[in-house]
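Trainee: Shown below is the structure under consideration.
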Amino acid sequence: NTRIQYQESSQKSGLGIGRQFELSHLTECAAWDHPATIELDFFPTIPSSILTLSILESTAQGRGNWWHNYTEATRRGKHPEWDYIFIPWYSEPSKYRLTPSEDWRPGVVAQAHAKRVRETSPKWMGGRTVELDREQLYFYERAYDSAREGNTLNFFLTNYPAEPEEGFQHSVAGAFTFEQLNHFQQQVETPKCFDVT
């Protein structure tokens, strides 16, 4: 006695209007042509109940768009009806790996990324510190180099971030290259707080 309804993000309006959905899943929300319909049309159809499960997911795909603004507000606790979950690319260790040659050593970019993963992984991996292995680092370095050469580093970082901030990349180039921006991001350290009394 169940029913499934399939709708597409290319709809201009009417997403779920007139119905209620105890279970729902919207995918690649950042790429929707009219993402405001999610908030304006779809959210009112979700019952506020312990029996309700609704999942919204996406890669970042840009900055300053609806997905970026809504998820960052959710992260700051502005939408308490939602739980914010970030799943980093390295969370499933059997994926995204290549076998390097015996003499391969991680370069500067791979080492900086490994450091960032080591520092931030406890927040996203249930308190566990992740050390990327050689095959993961080799995959990351090769994919990074390929994206850099193809001038698509922003898209690479959107798909393989160590933390959410790294995933939200501008889609058009500015005064700084994506490689420079990523270098600056890698240099950022967690602030140290001091009690001054």
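Each chain in the structure tokens gets a letter, A, B and so on, in the order shown; residues start at 1 in every chain, and ligands are counted from 1 in the order they appear.
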Residues within 7 Å of Ile55 (chain A), please, as a ChimeraX atom specification. Count only C-alpha atoms; anything in the same chain fewer than 6 positions from it doesn't count.
Mentor: /A:24-26
Trainee: Can you check which residues of region 8-157 of chain A DSSP gives as helix (DSSP H, G or I) on the backbone and send them as a VMD selection string?
Mentor: chain A and resid 29 to 31 36 to 45 66 to 75 89 to 91 108 to 124 134 to 149 153 to 157
Trainee: When you count only C-alpha atoms, which of these residues is closest to Phe156 (chain A): A:Ala112, A:Ala60, A:Leu15, A:Cys193?
Mentor: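 Of all the options, A:Ala60 lies closest to Phe156 (chain A).
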Trainee: Could the residues of region 68-177 of chain A that have an atom at most 10 Å from region 27-48 of chain A be listed as JSON lines, each with its closest atom pair and the distance in Å to one decimal, counting only C-alpha atoms and ordered by chain and ascending residue number?
Mentor:
{"residue": "A:His68", "atom": "CA", "partner": "A:Ala30", "partner_atom": "CA", "distance": 7.7}
{"residue": "A:Tyr70", "atom": "CA", "partner": "A:Glu39", "partner_atom": "CA", "distance": 9.3}
{"residue": "A:Glu81", "atom": "CA", "partner": "A:Ser48", "partner_atom": "CA", "distance": 8.3}
Trainee: Just write the chosen residues, C-alpha atoms, as a PDB file, in the first residue's frame.
Mentor:
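Now in part_24.pdb:
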ATOM      1  CA  HIS A  68      25.418  27.252  -0.659  1.00  0.00           C
ATOM      2  CA  TYR A  70      20.805  27.308   2.613  1.00  0.00           C
ATOM      3  CA  GLU A  81      14.540  20.928  11.297  1.00  0.00           C
TER       4      GLU A  81
END
Trainee: Just how far from CA of Asp83 (chain A) is CA of Phe21 (chain A), in Å to one decimal?
Mentor: 17.9 Å
Trainee: Tell me, in Å to one decimal, how far CA of Ser54 (chain A) is from CA of Leu23 (chain A).
Mentor: 5.6 Å
Trainee: Considering only C-alpha atoms, return as a list in words whatever protein or nucleic-acid residues lie within 12 Å of Val130 (chain A), sequence-local ones (same chain, fewer than 3 positions apart) excluded.
Mentor: Pro88, Trp89, Tyr90, Ser91, Glu92, Pro93, His113, Ala114, Lys115, Arg116, Val117, Arg118, Glu119, Thr120, Ser121, Pro122, Lys123, Trp124, Met125, Gly126, Gly127, Asp133, Gln136 and Ala162 of chain A
Trainee: Using only C-alpha atoms, pick whichever of A:Ala143, A:Ala73, A:Ala110, A:Ile85 has the shortest atom-to-atom distance to Ser58 (chain A).
Mentor: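 Closest to Ser58 (chain A), using only C-alpha atoms: A:Ile85.
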Trainee: Assign secondary structure with DSSP using the backbone only, and return the residues of region 32-122 of chain A in strand (DSSP E or B) as JSON, numbers by chain.
Mentor: {"A": [53, 54, 55, 56, 57]}
Trainee: Quick one: distance from CA of Phe168 (chain A) to CA of Gln61 (chain A) in Å, one decimal?
Mentor: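 Separation of CA of Phe168 (chain A) and CA of Gln61 (chain A): 6.5 Å.
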Trainee: Please provide the set of residues having any atom within 12 Å of Glu135 (chain A), restricted to only C-alpha atoms, with same-chain residues fewer than 5 positions apart removed, written as an NGL selection string.
Mentor: :A and (90 or 93-102 or 104-106 or 110 or 140-142)
Trainee: Can those selected residues be exported to a file as a compact mmCIF listing (two decimals), in the first residue's frame so that it contains all heavy atoms?
Mentor:
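Wrote it out as selection01.txt, contents follow:
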# COMPACT_ATOMS: atom_id res chain seq x y z
N TYR A 90 37.04 10.90 0.92
CA TYR A 90 37.85 9.80 1.43
C TYR A 90 37.10 8.91 2.42
O TYR A 90 37.66 7.97 2.97
CB TYR A 90 39.12 10.36 2.11
CG TYR A 90 38.81 11.34 3.22
CD1 TYR A 90 38.44 10.91 4.49
CD2 TYR A 90 38.88 12.72 2.99
CE1 TYR A 90 38.14 11.81 5.49
CE2 TYR A 90 38.59 13.63 3.99
CZ TYR A 90 38.22 13.16 5.23
OH TYR A 90 37.92 14.06 6.22
N PRO A 93 37.13 4.24 1.96
CA PRO A 93 38.53 4.05 1.54
C PRO A 93 38.73 3.12 0.34
O PRO A 93 39.80 3.12 -0.24
CB PRO A 93 39.22 3.50 2.79
CG PRO A 93 38.15 3.08 3.71
CD PRO A 93 36.89 3.79 3.32
N SER A 94 37.72 2.34 -0.04
CA SER A 94 37.90 1.44 -1.19
C SER A 94 37.71 2.18 -2.52
O SER A 94 38.01 1.63 -3.58
CB SER A 94 36.94 0.26 -1.10
OG SER A 94 35.60 0.71 -1.24
N LYS A 95 37.24 3.42 -2.47
CA LYS A 95 37.03 4.20 -3.69
C LYS A 95 38.14 5.23 -3.84
O LYS A 95 38.83 5.57 -2.89
CB LYS A 95 35.68 4.93 -3.63
CG LYS A 95 34.49 4.02 -3.61
CD LYS A 95 33.22 4.84 -3.62
CE LYS A 95 32.01 3.94 -3.65
NZ LYS A 95 30.78 4.74 -3.71
N TYR A 96 38.28 5.76 -5.04
CA TYR A 96 39.19 6.87 -5.32
C TYR A 96 40.62 6.55 -4.89
O TYR A 96 41.17 7.16 -4.00
CB TYR A 96 38.70 8.16 -4.64
CG TYR A 96 37.25 8.46 -4.92
CD1 TYR A 96 36.32 8.46 -3.89
CD2 TYR A 96 36.81 8.70 -6.21
CE1 TYR A 96 34.98 8.71 -4.14
CE2 TYR A 96 35.47 8.96 -6.48
CZ TYR A 96 34.57 8.96 -5.43
OH TYR A 96 33.25 9.21 -5.68
N ARG A 97 41.21 5.61 -5.60
CA ARG A 97 42.58 5.22 -5.31
C ARG A 97 43.24 4.74 -6.59
O ARG A 97 42.59 4.19 -7.47
CB ARG A 97 42.65 4.17 -4.21
CG ARG A 97 41.68 3.07 -4.28
CD ARG A 97 41.53 2.21 -3.01
NE ARG A 97 42.74 1.93 -2.31
CZ ARG A 97 43.04 2.48 -1.12
NH1 ARG A 97 42.23 3.32 -0.54
NH2 ARG A 97 44.16 2.18 -0.51
N LEU A 98 44.52 4.98 -6.68
CA LEU A 98 45.35 4.48 -7.79
C LEU A 98 46.64 3.93 -7.20
O LEU A 98 47.11 4.41 -6.17
CB LEU A 98 45.68 5.62 -8.77
CG LEU A 98 44.56 6.17 -9.63
CD1 LEU A 98 45.03 7.41 -10.38
CD2 LEU A 98 44.08 5.11 -10.62
N THR A 99 47.21 2.95 -7.87
CA THR A 99 48.45 2.35 -7.38
C THR A 99 49.64 3.11 -7.95
O THR A 99 49.84 3.13 -9.17
CB THR A 99 48.52 0.86 -7.77
OG1 THR A 99 47.36 0.20 -7.27
CG2 THR A 99 49.77 0.21 -7.21
N PRO A 100 50.45 3.72 -7.09
CA PRO A 100 51.63 4.45 -7.57
C PRO A 100 52.81 3.50 -7.81
O PRO A 100 52.81 2.36 -7.35
CB PRO A 100 51.93 5.40 -6.42
CG PRO A 100 51.47 4.67 -5.21
CD PRO A 100 50.28 3.85 -5.64
N SER A 101 53.82 4.01 -8.50
CA SER A 101 55.06 3.24 -8.65
C SER A 101 55.77 3.21 -7.30
O SER A 101 55.49 4.00 -6.40
CB SER A 101 55.95 3.89 -9.72
OG SER A 101 56.31 5.19 -9.30
N GLU A 102 56.71 2.28 -7.17
CA GLU A 102 57.42 2.10 -5.90
C GLU A 102 58.17 3.36 -5.47
O GLU A 102 58.28 3.65 -4.28
CB GLU A 102 58.42 0.94 -6.02
CG GLU A 102 57.78 -0.39 -6.33
CD GLU A 102 57.72 -1.27 -5.12
OE1 GLU A 102 58.42 -1.02 -4.15
OE2 GLU A 102 56.93 -2.24 -5.16
N TRP A 104 57.38 6.52 -6.11
CA TRP A 104 56.56 7.74 -6.04
C TRP A 104 56.51 8.26 -4.60
O TRP A 104 56.38 7.51 -3.65
CB TRP A 104 55.14 7.46 -6.53
CG TRP A 104 54.24 8.66 -6.39
CD1 TRP A 104 54.16 9.72 -7.23
CD2 TRP A 104 53.31 8.91 -5.33
NE1 TRP A 104 53.25 10.63 -6.76
CE2 TRP A 104 52.71 10.17 -5.60
CE3 TRP A 104 52.94 8.22 -4.18
CZ2 TRP A 104 51.74 10.73 -4.76
CZ3 TRP A 104 51.98 8.77 -3.35
CH2 TRP A 104 51.39 10.01 -3.64
N ARG A 105 56.64 9.57 -4.48
CA ARG A 105 56.50 10.24 -3.19
C ARG A 105 55.48 11.36 -3.36
O ARG A 105 55.51 12.06 -4.38
CB ARG A 105 57.84 10.84 -2.71
CG ARG A 105 58.92 9.82 -2.45
CD ARG A 105 58.60 8.94 -1.24
NE ARG A 105 59.55 7.87 -1.07
CZ ARG A 105 59.40 6.62 -1.51
NH1 ARG A 105 58.32 6.29 -2.19
NH2 ARG A 105 60.30 5.70 -1.28
N PRO A 106 54.61 11.59 -2.38
CA PRO A 106 53.61 12.65 -2.50
C PRO A 106 54.26 14.02 -2.66
O PRO A 106 55.23 14.34 -1.99
CB PRO A 106 52.83 12.59 -1.19
CG PRO A 106 53.16 11.27 -0.58
CD PRO A 106 54.50 10.87 -1.11
N ALA A 110 49.66 17.15 -2.50
CA ALA A 110 49.13 15.96 -1.83
C ALA A 110 49.45 15.99 -0.34
O ALA A 110 48.61 15.63 0.50
CB ALA A 110 49.70 14.70 -2.47
N TYR A 140 44.61 11.44 -5.56
CA TYR A 140 44.34 12.86 -5.39
C TYR A 140 45.33 13.70 -6.19
O TYR A 140 44.94 14.63 -6.90
CB TYR A 140 44.40 13.23 -3.91
CG TYR A 140 44.00 14.66 -3.66
CD1 TYR A 140 42.67 15.00 -3.47
CD2 TYR A 140 44.94 15.68 -3.64
CE1 TYR A 140 42.28 16.32 -3.26
CE2 TYR A 140 44.56 17.00 -3.44
CZ TYR A 140 43.23 17.31 -3.25
OH TYR A 140 42.86 18.62 -3.06
N GLU A 141 46.61 13.37 -6.10
CA GLU A 141 47.63 14.16 -6.80
C GLU A 141 47.46 14.08 -8.31
O GLU A 141 47.53 15.10 -9.01
CB GLU A 141 49.02 13.67 -6.40
CG GLU A 141 50.14 14.53 -6.95
CD GLU A 141 51.47 14.15 -6.36
OE1 GLU A 141 51.78 14.63 -5.25
OE2 GLU A 141 52.20 13.36 -6.99
N ARG A 142 47.21 12.88 -8.83
CA ARG A 142 47.02 12.73 -10.29
C ARG A 142 45.78 13.48 -10.76
O ARG A 142 45.82 14.18 -11.77
CB ARG A 142 46.88 11.24 -10.64
CG ARG A 142 48.13 10.41 -10.49
CD ARG A 142 49.11 10.58 -11.65
NE ARG A 142 48.51 10.35 -12.94
CZ ARG A 142 48.45 9.18 -13.58
NH1 ARG A 142 48.98 8.11 -13.02
NH2 ARG A 142 47.90 9.07 -14.75
Trainee: From the set A:Phe86, A:Tyr138, A:Gly77, A:Gln20, which residue has the shortest atom-to-atom contact distance to Thr52 (chain A), counting only C-alpha atoms?
Mentor: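 The closest residue to Thr52 (chain A) is A:Gln20.
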Trainee: Select, from A:Thr2, A:Asn159, A:Gln169, A:Asn154, the residue with the minimum atom-to-atom distance to Thr59 (chain A), counting only C-alpha atoms.
Mentor: A:Asn159
